file input.cif (mmCIF, C-alpha atoms)
data_start
#
loop_
_atom_site.label_atom_id
_atom_site.label_comp_id
_atom_site.auth_asym_id
_atom_site.auth_seq_id
_atom_site.Cartn_x
_atom_site.Cartn_y
_atom_site.Cartn_z
CA MET A 1 -11.51 21.27 1.70
CA ALA A 2 -14.80 19.48 1.94
CA SER A 3 -16.67 19.60 5.18
CA GLN A 4 -16.34 15.87 5.77
CA ASP A 5 -12.60 16.25 6.14
CA GLN A 6 -11.18 15.20 9.43
CA ILE A 7 -7.87 16.18 10.84
CA ASN A 8 -6.09 15.47 14.06
CA PRO A 9 -3.51 18.20 14.46
CA SER A 10 -2.93 17.20 18.05
CA SER A 11 -2.09 13.54 17.84
CA ALA A 12 -1.02 11.30 20.66
CA PRO A 13 2.70 11.42 21.40
CA ASP A 14 3.23 7.68 20.91
CA GLU A 15 1.43 7.72 17.55
CA PRO A 16 2.45 11.02 15.99
CA GLU A 17 0.43 10.87 12.83
CA THR A 18 -1.43 13.73 11.17
CA PHE A 19 -3.95 12.85 8.50
CA LEU A 20 -6.75 13.95 6.21
CA GLN A 21 -9.61 11.64 5.33
CA GLN A 22 -12.33 12.06 2.77
CA GLU A 23 -14.51 9.79 0.62
CA GLY A 24 -12.35 6.69 0.36
CA CYS A 25 -9.10 8.63 0.51
CA TYR A 26 -6.69 8.68 3.45
CA VAL A 27 -3.40 10.59 3.53
CA ALA A 28 -1.06 10.86 6.48
CA LEU A 29 2.34 11.94 7.71
CA THR A 30 4.01 10.17 10.60
CA THR A 31 7.34 9.88 12.36
CA SER A 32 6.59 6.25 13.30
CA PRO A 33 7.62 3.19 11.27
CA LEU A 34 5.07 2.49 8.54
CA ASN A 35 2.72 -0.47 8.75
CA LEU A 36 1.92 -2.29 5.51
CA GLN A 37 -1.06 -4.11 6.97
CA SER A 38 -2.81 -1.05 8.30
CA VAL A 39 -2.47 0.96 5.08
CA THR A 40 -3.81 -2.04 3.17
CA ASP A 41 -6.77 -2.35 5.49
CA ARG A 42 -7.61 1.31 4.93
CA VAL A 43 -8.56 0.62 1.30
CA ARG A 44 -10.06 -2.86 1.76
CA SER A 45 -13.53 -3.06 0.20
CA PRO A 46 -16.02 -5.77 -0.74
CA GLN A 47 -16.37 -4.08 -4.14
CA ALA A 48 -12.63 -4.33 -4.84
CA GLY A 49 -11.08 -7.16 -6.80
CA ALA A 50 -7.56 -5.89 -6.29
CA ILE A 51 -5.42 -4.02 -3.82
CA VAL A 52 -2.08 -2.74 -5.11
CA LEU A 53 0.43 -1.81 -2.45
CA PHE A 54 3.60 0.17 -3.09
CA ALA A 55 6.37 0.48 -0.52
CA GLY A 56 9.22 2.90 -1.14
CA THR A 57 12.29 2.04 0.91
CA THR A 58 15.43 4.00 1.67
CA ARG A 59 18.55 2.98 -0.23
CA ASP A 60 22.07 2.87 1.15
CA ASN A 61 23.76 4.86 -1.59
CA PHE A 62 23.35 7.71 -4.02
CA ALA A 63 25.18 7.01 -7.29
CA GLY A 64 27.56 4.78 -5.40
CA GLN A 65 28.17 7.21 -2.55
CA PRO A 66 27.38 5.49 0.76
CA VAL A 67 24.37 7.00 2.54
CA LYS A 68 24.23 6.62 6.29
CA GLN A 69 20.61 7.66 6.78
CA LEU A 70 17.84 9.74 5.30
CA GLU A 71 15.83 12.40 7.01
CA TYR A 72 12.52 13.75 5.75
CA THR A 73 10.89 17.04 6.62
CA ALA A 74 7.55 18.44 5.45
CA TYR A 75 5.39 21.51 5.32
CA GLU A 76 2.79 19.35 6.95
CA PRO A 77 -0.51 21.16 6.38
CA LEU A 78 0.35 21.89 2.76
CA ALA A 79 1.79 18.42 2.10
CA LEU A 80 -1.39 16.81 3.45
CA ARG A 81 -3.53 19.03 1.25
CA THR A 82 -1.48 18.21 -1.83
CA MET A 83 -1.60 14.48 -1.02
CA MET A 84 -5.38 14.66 -0.68
CA THR A 85 -5.70 16.54 -3.97
CA ILE A 86 -3.71 13.79 -5.70
CA ALA A 87 -5.64 11.01 -3.98
CA SER A 88 -9.11 12.34 -4.67
CA SER A 89 -8.39 13.15 -8.31
CA LEU A 90 -6.96 9.66 -8.92
CA ARG A 91 -9.89 8.08 -7.14
CA ALA A 92 -12.27 9.81 -9.53
CA LYS A 93 -10.13 9.22 -12.62
CA HIS A 94 -9.71 5.46 -12.05
CA ASP A 95 -12.98 4.76 -10.24
CA LEU A 96 -11.09 3.51 -7.20
CA ARG A 97 -12.70 2.12 -4.06
CA GLY A 98 -9.95 3.52 -1.90
CA LEU A 99 -6.55 5.19 -1.93
CA ALA A 100 -4.28 5.55 1.08
CA MET A 101 -0.92 7.30 1.10
CA VAL A 102 1.32 7.58 4.15
CA HIS A 103 4.71 9.28 4.20
CA ARG A 104 7.18 8.88 7.02
CA LEU A 105 9.03 11.92 8.36
CA GLY A 106 12.13 12.37 10.46
CA VAL A 107 15.05 9.97 10.31
CA VAL A 108 14.29 6.82 8.33
CA PRO A 109 16.97 4.15 8.76
CA ILE A 110 18.31 2.52 5.59
CA GLY A 111 16.10 -0.26 4.24
CA GLU A 112 12.91 0.89 5.92
CA GLU A 113 9.76 2.18 4.24
CA SER A 114 9.55 5.93 3.68
CA ILE A 115 6.25 5.86 1.80
CA LEU A 116 3.33 3.46 1.44
CA ILE A 117 0.58 3.74 -1.14
CA ALA A 118 -2.38 1.36 -1.21
CA VAL A 119 -5.01 1.41 -3.93
CA SER A 120 -8.14 -0.69 -4.27
CA ALA A 121 -10.27 -0.99 -7.38
CA PRO A 122 -12.83 -3.38 -8.87
CA HIS A 123 -10.17 -4.60 -11.31
CA ARG A 124 -6.41 -4.83 -11.15
CA GLN A 125 -5.55 -2.69 -14.20
CA ALA A 126 -6.96 0.46 -12.66
CA ALA A 127 -5.29 -0.29 -9.35
CA TRP A 128 -1.85 -0.75 -10.93
CA ARG A 129 -2.15 2.42 -12.96
CA ALA A 130 -3.46 4.54 -10.13
CA GLY A 131 -0.77 3.26 -7.78
CA GLU A 132 2.00 4.29 -10.13
CA GLU A 133 0.43 7.66 -10.89
CA ALA A 134 -0.05 8.35 -7.19
CA LEU A 135 3.63 7.78 -6.50
CA GLU A 136 4.84 9.86 -9.45
CA GLU A 137 2.56 12.76 -8.58
CA CYS A 138 3.58 12.55 -4.95
CA LYS A 139 7.26 12.71 -5.83
CA GLU A 140 6.65 15.62 -8.13
CA ARG A 141 4.43 17.77 -5.97
CA VAL A 142 4.12 16.87 -2.31
CA GLU A 143 5.91 19.34 -0.03
CA VAL A 144 8.26 16.86 1.58
CA TRP A 145 12.06 17.10 1.47
CA LYS A 146 14.67 14.42 1.86
CA LYS A 147 18.16 14.95 3.21
CA GLU A 148 20.78 12.29 2.68
CA GLU A 149 23.47 12.06 5.32
CA PHE A 150 26.58 10.56 3.81
CA ALA A 151 28.76 8.03 5.56
CA HIS A 152 31.82 10.25 5.14
CA GLY A 153 29.99 13.27 6.59
CA GLY A 154 27.93 16.05 5.10
CA GLY A 155 24.44 15.97 3.75
CA VAL A 156 22.49 16.98 0.69
CA TRP A 157 18.91 18.02 0.08
CA ARG A 158 17.59 16.07 -2.86
CA ALA A 159 15.28 17.38 -5.58
CA ASN A 160 13.07 14.90 -7.35
CA ARG A 161 12.91 16.77 -10.60
CA ASP A 162 13.62 20.01 -12.33
CA GLY A 163 11.38 22.51 -14.06
CA LYS A 164 8.36 21.77 -11.92
CA ARG A 165 7.11 22.71 -8.50
CA GLY A 166 9.97 23.94 -6.45
CA GLN A 167 11.99 24.96 -9.48
CA ARG A 168 11.50 28.22 -11.26
CA GLU A 169 11.91 28.55 -14.97
CA GLY A 170 15.29 29.55 -16.33
CA GLU A 171 17.11 27.88 -13.48
CA SER A 172 16.95 24.31 -14.60
CA ARG A 173 20.02 22.28 -13.92
CA GLU A 174 21.37 19.38 -15.89
CA GLY A 175 21.10 15.89 -14.61
CA GLY A 176 17.60 15.59 -13.18
CA GLU A 177 16.21 12.20 -14.01
CA GLY A 178 12.59 13.27 -13.89
CA VAL A 179 9.59 11.05 -13.63
CA GLY A 180 9.02 7.60 -14.97
CA LYS A 181 11.47 5.55 -12.98
CA GLY A 182 8.79 4.30 -10.69
CA ASP A 183 10.98 2.55 -8.15
CA GLY A 184 10.15 5.31 -5.75
CA ASN A 185 12.74 4.53 -3.21
CA GLY A 186 14.48 6.91 -0.93
CA SER A 187 17.37 8.16 -2.95
CA SER A 188 17.00 7.29 -6.59
CA GLU A 189 15.57 10.21 -8.47
CA GLY A 190 16.77 13.70 -8.93
CA GLN A 191 19.82 15.45 -7.72
CA GLY A 192 21.13 17.42 -4.82
CA THR A 193 20.41 21.08 -4.43
CA GLU A 194 22.76 22.10 -1.71
CA VAL A 195 25.46 20.61 0.38
CA ASP A 196 25.59 21.46 4.02
CA GLY A 197 27.50 20.34 7.03
CA GLN A 198 30.65 19.95 4.98
CA THR A 199 32.83 22.07 7.20
CA MET B 1 3.93 24.24 16.06
CA THR B 2 5.02 27.52 14.51
CA PRO B 3 4.91 30.41 17.00
CA LYS B 4 2.53 33.21 16.15
CA PRO B 5 4.38 36.22 14.72
CA PRO B 6 4.56 39.31 16.95
CA LYS B 7 2.25 42.22 16.22
CA GLY B 8 3.12 43.97 12.97
CA HIS B 9 4.97 40.96 11.61
CA PHE B 10 4.48 37.92 9.40
CA ASN B 11 6.20 34.55 9.61
CA VAL B 12 8.38 33.17 6.87
CA LEU B 13 9.10 29.44 6.96
CA TYR B 14 12.33 28.08 5.51
CA PHE B 15 12.28 24.49 4.29
CA ALA B 16 15.11 22.23 3.16
CA SER B 17 17.91 24.22 1.48
CA ALA B 18 16.28 27.49 2.57
CA GLY B 19 16.57 26.35 6.17
CA SER B 20 20.18 25.31 5.69
CA TYR B 21 21.04 28.68 4.18
CA THR B 22 19.38 30.79 6.85
CA THR B 23 20.08 28.30 9.67
CA LYS B 24 16.46 28.90 10.73
CA ASN B 25 13.16 27.16 10.26
CA VAL B 26 11.09 30.27 10.79
CA GLU B 27 11.45 33.96 11.49
CA ALA B 28 9.19 36.98 11.81
CA LEU B 29 9.61 39.91 9.41
CA PRO B 30 7.90 43.31 9.51
CA ALA B 31 4.51 43.56 7.78
CA PRO B 32 3.06 44.75 5.53
CA LEU B 33 5.52 43.90 2.75
CA PRO B 34 4.78 43.87 -0.97
CA LEU B 35 5.41 40.36 -2.27
CA ARG B 36 7.71 41.73 -4.98
CA LYS B 37 10.06 42.96 -2.23
CA LEU B 38 10.26 39.62 -0.43
CA PHE B 39 13.34 38.30 -2.22
CA ASP B 40 15.16 41.64 -1.87
CA THR B 41 14.39 41.63 1.84
CA LEU B 42 15.72 38.10 2.26
CA GLU B 43 18.78 38.82 0.11
CA GLU B 44 19.63 41.76 2.38
CA ARG B 45 19.58 39.45 5.38
CA TYR B 46 21.16 36.41 3.75
CA LYS B 47 23.57 37.47 1.05
CA GLY B 48 23.54 35.04 -1.85
CA ILE B 49 20.28 33.34 -0.93
CA ARG B 50 18.58 34.57 -4.10
CA ALA B 51 20.96 32.75 -6.41
CA SER B 52 21.42 29.71 -4.19
CA VAL B 53 17.86 29.09 -3.09
CA LEU B 54 15.17 31.62 -3.98
CA ASN B 55 15.54 31.59 -7.76
CA HIS B 56 14.56 27.95 -7.88
CA SER B 57 12.04 27.97 -5.07
CA LEU B 58 8.33 28.66 -5.00
CA VAL B 59 6.49 30.76 -2.45
CA THR B 60 3.24 30.21 -0.59
CA ILE B 61 1.19 32.65 1.44
CA ASN B 62 -1.20 31.00 3.89
CA LEU B 63 -0.80 27.64 2.09
CA ALA B 64 -1.54 29.01 -1.40
CA TYR B 65 1.11 29.28 -4.11
CA VAL B 66 1.76 32.80 -5.38
CA ASP B 67 3.76 34.20 -8.29
CA VAL B 68 6.56 36.42 -7.11
CA PRO B 69 6.82 39.43 -9.44
CA ASP B 70 10.07 41.17 -10.32
CA GLY B 71 11.28 43.69 -7.78
CA GLU B 72 10.61 46.67 -10.07
CA GLN B 73 7.82 49.06 -9.20
CA GLN B 74 4.72 48.28 -11.18
CA ASP B 75 2.28 50.79 -12.57
CA GLY B 76 -1.43 51.01 -13.35
CA GLU B 77 -3.41 47.83 -13.31
CA ALA B 78 -0.59 45.62 -12.11
CA ALA B 79 0.01 47.84 -9.09
CA GLU B 80 -3.64 47.67 -8.08
CA GLN B 81 -3.53 43.88 -8.09
CA GLU B 82 -0.26 43.73 -6.23
CA ILE B 83 -0.08 41.16 -3.47
CA ILE B 84 0.88 42.60 -0.09
CA ILE B 85 2.04 40.27 2.67
CA GLN B 86 -0.05 41.18 5.71
CA GLU B 87 0.48 41.02 9.44
CA GLY B 88 -0.05 37.49 10.69
CA ASP B 89 0.42 35.87 7.28
CA GLU B 90 2.39 32.65 6.95
CA VAL B 91 4.83 32.80 4.05
CA ALA B 92 6.90 29.76 3.08
CA ILE B 93 9.91 29.26 0.84
CA ILE B 94 9.37 25.98 -1.03
CA PRO B 95 12.55 24.57 -2.61
CA PRO B 96 12.31 21.68 -5.11
CA VAL B 97 10.52 18.83 -3.36
CA SER B 98 11.90 15.33 -2.78
CA SER B 99 9.29 13.08 -1.25
CA GLY B 100 9.13 9.33 -1.76
#
call {"tool": "encode", "arguments": {"input": "input.cif", "output": "structure tokens"}}
result
Amino acid sequence: MASQDQINPSSAPDEPETFLQQEGCYVALTTSPLNLQSVTDRVRSPQAGAIVLFAGTTRDNFAGQPVKQLEYTAYEPLALRTMMTIASSLRAKHDLRGLAMVHRLGVVPIGEESILIAVSAPHRQAAWRAGEEALEECKERVEVWKKEEFAHGGGVWRANRDGKRGQREGESREGGEGVGKGDGNGSSEGQGTEVDGQT
Amino acid sequence: MTPKPPKGHFNVLYFASAGSYTTKNVEALPAPLPLRKLFDTLEERYKGIRASVLNHSLVTINLAYVDVPDGEQQDGEAAEQEIIIQEGDEVAIIPPVSSG
């Protein structure tokens, strides 16, 4: 990582957020509720003509099965690195002014934001495109896992897609929806990998 | 966050389905260990984990992804380049991700 990186591995207990920051890019993981205004302000720039903000929220069902709550866990240092790699490459590719990506961890109640992505650019087209690409790449690569707890008991670890990171060749399963949906909410894409707590 | 492994050991972190299968987030295993023996070692401890979890997971050592070779002994050039998990290393089992 570049020398201008900052990190706060020991964050205050009331604001448990770990982050990386570098050249217009900010990525963070937090167990606190996400704040749309603050992530927007992170990319605000006088050179920007547009800020695109994406909020992924947690849905109350998976394929019709009622979901009580979702819980996210992460390999935090690696997830932050991967998020920063995505952010800085998209910033260069789309000539962005800023890109901020914050993922919530721990239990996220239904209907709340699990991820926020804010992108600023001189013109809106680049901001729209970069925002969508940031989400898709995040869902494909960032080392965060989501467990759905069902209303009737039991839970399942979701997988966003098959055949990519986290899935070795020759083991692909049917039914993965893959990328391109773009709604990015808590329980839409992919399929379960393992059921636990069913006893 | 993660406790330092005892002398002569490395840590292996279990995420998501790997954690459910082992009922652990982390444990210390004896080092050094050739990477190609990692899955055999885990299978001995957690019967069935290879088919359920490991075969569709990736592996990192000290935050870098590595290719896990087959368990067979290698010869010549391949053996010289073999990755050995060292004392103090942090290994992680990375099942398919599901952020967002």
call {"tool": "residues_around", "arguments": {"input": "input.cif", "residues": "region 102-104 of chain A", "least_positions_apart": "6", "cutoff": "8 Å", "atoms": "all atoms listed in the file", "output": "PyMOL selection string"}}
result
(chain A and resi 27-34+39+72+113-117) or (chain B and resi 100)
call {"tool": "residues_near_point", "arguments": {"input": "input.cif", "point": "(10.7, 27.8, 12.6)", "cutoff": "7 Å", "atoms": "all atoms listed in the file", "output": "PDB file with C-alpha atoms, in the frame of the given file"}}
result
ATOM      1  CA  THR B   2       5.020  27.520  14.510  1.00  0.00           C
ATOM      2  CA  LEU B  13       9.100  29.440   6.960  1.00  0.00           C
ATOM      3  CA  LYS B  24      16.460  28.900  10.730  1.00  0.00           C
ATOM      4  CA  ASN B  25      13.160  27.160  10.260  1.00  0.00           C
ATOM      5  CA  VAL B  26      11.090  30.270  10.790  1.00  0.00           C
ATOM      6  CA  GLU B  27      11.450  33.960  11.490  1.00  0.00           C
TER       7      GLU B  27
END
call {"tool": "residues_near_point", "arguments": {"input": "input.cif", "point": "(7.2, 36.7, 9.8)", "cutoff": "6 Å", "atoms": "all atoms listed in the file", "output": "PyMOL selection string"}}
result
chain B and resi 5+9-12+27-29
call {"tool": "atom_distance", "arguments": {"input": "input.cif", "atom1": "CA of Ala18 (chain B)", "atom2": "CA of Pro95 (chain B)"}}
result
7.0 Å
call {"tool": "closest_residue", "arguments": {"input": "input.cif", "among": "B:Val66, B:Ala31, B:Val59, B:Leu42", "to": "Ile93 (chain B)", "atoms": "all atoms listed in the file"}}
result
B:Val59
call {"tool": "resolve_selection", "arguments": {"input": "input.cif", "expression": "the PyMOL selection byres ((chain B) within 9 of (chain A))", "output": "count of residues only"}}
result
24
call {"tool": "atom_distance", "arguments": {"input": "input.cif", "atom1": "CA of Thr18 (chain A)", "atom2": "CA of Ser120 (chain A)"}}
result
22.2 Å
call {"tool": "atom_distance", "arguments": {"input": "input.cif", "atom1": "CA of Gln21 (chain A)", "atom2": "CA of Asp95 (chain A)"}}
result
17.4 Å
call {"tool": "resolve_selection", "arguments": {"input": "input.cif", "expression": "the PyMOL selection byres ((chain A and resi 64) around 12)", "output": "list in words"}}
result
Arg59, Asp60, Asn61, Phe62, Ala63, Gln65, Pro66, Val67, Phe150, Ala151, Ser187 and Ser188 of chain A
